[in-house]
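Colleague: Please find one structure pasted underneath; my questions will follow.
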Amino acid sequence: MRKTVDLLNGNIVKSLTELAVPIMATSMVQMAYNLTDMAWIGRIGSAAVTSVGAAGMYTWLSQGVVMLARMGGQVKVAHSLGEGKKKKAVQYGRGAIQLAIVLAVIYGIIMNLFTPQLIGFFGLQTDKIVGDAVIYLRIAGGLIIFAYLNQTLTGLFTAIGNSRAPFTANCVGLLCNMVMDPILIFGIGPFPRMEAAGAAAATVMAQAVVTFVMFLMAKKDQILFNKIKLWEKTPFPYFVTMIKIGLPTSVQDMLYCTISMLLTRMVASWGDTAVAVQRVGGQIESISWMTAEGFGTALNAFVGQNFGGKKYDRIRKGYFTAAGLIAVWGLFTTGLLVFLSEPIFRIFIHEPDVIPHGVSYLKIIGYGQLFMCVELMTVGALAGLGKTFICSAISITLTSSRIPLALLFGATALGLNGIWWALTTSSILKGITFFLTFVFILSRLPDKKTE
């Protein structure tokens, strides 16, 4: 069975499905990492969840930084392969990995030099919570290199049409994480009880395993990776091109996280428990957005290769096919979060006084899932065309609206629930805007392949 999917020819539904299903499954596995951590940490109590939630904001912020390497490398490798220029694809692939390593080292140093100040931003009210958050960030942020390599390699594998390799690697990593989480968190056997620090250590160990497996699979590839020699110098213009493409997405992701951090600081005014609700609720919601983002990644490679090959009609058909599929998923997750909110939240938090707040979060956030899925899918499609600036302009504008909306809604009788309604309102607006924008751009493309 061939490992790569032909994105330039053949049945569109079959091509998209073959590429997207492993990517979506990979997203599910990555989501399981987070939920596994949260399920075990939740057994310690909401205070530990708050610690991991605050520190986890900075590991989330780091994902915006790595987009400089991942998005630029993925898009340009896809374009180069679509154009039939394999030597350029190799240059971009090597450059993306090199850039990811440099960014990881810089980010890790910053996370360790300024840890107390970074955690202090949230204004947490308990010394124990602050101390655990500091330890978690030093481990997870300081060793972010494995997550950076995994993100970049996943993007490159996807660009060549091989989404099975990242899925397999992440499954092995998940197994490692599921085994090590309880051992390191609670101190089983010869291991000491590490609690929040144990969750961070288990996650980093799992990420390192994923990196190792991905490198093993890359050695077997005959399209891109077998020609990449990391020690060779990549021409500077290639870095410039990748950064130009990746920068808007990077800024967008970092701003999105920054806004969430500001909202977390606002939420903390309702107490440390409210931060735990936001953290757990956000991880549960990742069932929806990580899957949609995975589908967007597949659509990115599909659109990128067909744009490079000037197969514009195939891009149109691919986008609307994907829109129909992702709409079904969005509606399913809405039903899940709205109607099964209480039993789902009880899996992670057991304090009776916290559960009603978590149920409210899931129900409110659930109404925006369809629109959020459409947004994330369309972001991938737009980036495949190289139009990352448009993505960022829309996302930055509408995501920024969450702050004034949260201030407005939070000052009403809605209270804490007003913060969650601000998130849902902006998701609905973004989903509609992104869809209409892409439809307009599609209308401007030539009707047939340019001869």
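All residue names refer to the structure tokens as shown: chains lettered A, B, ... in order, residues numbered from 1 in each chain, ligands numbered from 1 in order.
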Which residues, written as JSON, numbers by chain, have at least one atom at most 10 Å from Asp221 of chain A, with only C-alpha atoms counted and residues fewer than 4 positions away on the same chain left out?

Modeller: {"A": [3, 4, 157, 160, 162, 165, 216, 217, 225, 226, 227]}

Colleague: Okay, now the selection with C-alpha atoms, as a PDB file, in the first residue's frame?

Modeller:
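What landed in result11.pdb:
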```
ATOM      1  CA  LYS A   3       2.107   5.736   1.924  1.00  0.00           C
ATOM      2  CA  THR A   4       1.618   9.021   0.074  1.00  0.00           C
ATOM      3  CA  PHE A 157       5.001  14.758   5.947  1.00  0.00           C
ATOM      4  CA  ILE A 160       4.243  15.243   0.547  1.00  0.00           C
ATOM      5  CA  ASN A 162       1.944  11.131   3.875  1.00  0.00           C
ATOM      6  CA  ALA A 165       3.623   8.618   9.577  1.00  0.00           C
ATOM      7  CA  LEU A 216      12.940   6.683  11.858  1.00  0.00           C
ATOM      8  CA  MET A 217      10.066   7.014   9.372  1.00  0.00           C
ATOM      9  CA  PHE A 225      13.408  13.324   3.610  1.00  0.00           C
ATOM     10  CA  ASN A 226      15.906  10.929   2.040  1.00  0.00           C
ATOM     11  CA  LYS A 227      17.464  13.931   0.268  1.00  0.00           C
TER      12      LYS A 227
END
```

Colleague: Which residue out of A:Lys85, A:Arg346, A:Lys387, A:Arg316 has the minimum interatomic distance to Val359 of chain A when only C-alpha atoms are used?

Modeller: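 Among the listed residues, the smallest separation from Val359 of chain A belongs to A:Arg346.
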
Colleague: Tell me which of A:Ala393, A:Ile347, A:Ala411, A:Ala104 sits closest to Leu255 of chain A, counting only C-alpha atoms.

Modeller: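 Of A:Ala393, A:Ile347, A:Ala411, A:Ala104, the one nearest Leu255 of chain A, counting only C-alpha atoms, is A:Ala393.
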
Colleague: Quick check, in Å to one decimal: how far apart do atom CA of Gln74 of chain A and atom CA of Ser392 of chain A lie?

Modeller: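 Atom-to-atom, atom CA of Gln74 of chain A to atom CA of Ser392 of chain A, that is 17.4 Å.
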
Colleague: Using only C-alpha atoms, can you tell me which of A:Leu362, A:Ile315, A:Val134, A:Leu118 comes closest to Ser443 of chain A?

Modeller: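 Smallest separation from Ser443 of chain A among the options: A:Ile315.
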
Colleague: Measuring between only C-alpha atoms, which one of A:Ala199, A:Met67, A:Val49, A:Ile223 shows the shortest distance to Val130 of chain A?

Modeller: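 Looking at the shortest contact to Val130 of chain A, the residue is A:Val49.
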
Colleague: Which one of A:Leu35, A:Val303, A:Val354, A:Met71 sits closest to Leu385 of chain A if you count only C-alpha atoms?

Modeller: A:Val303
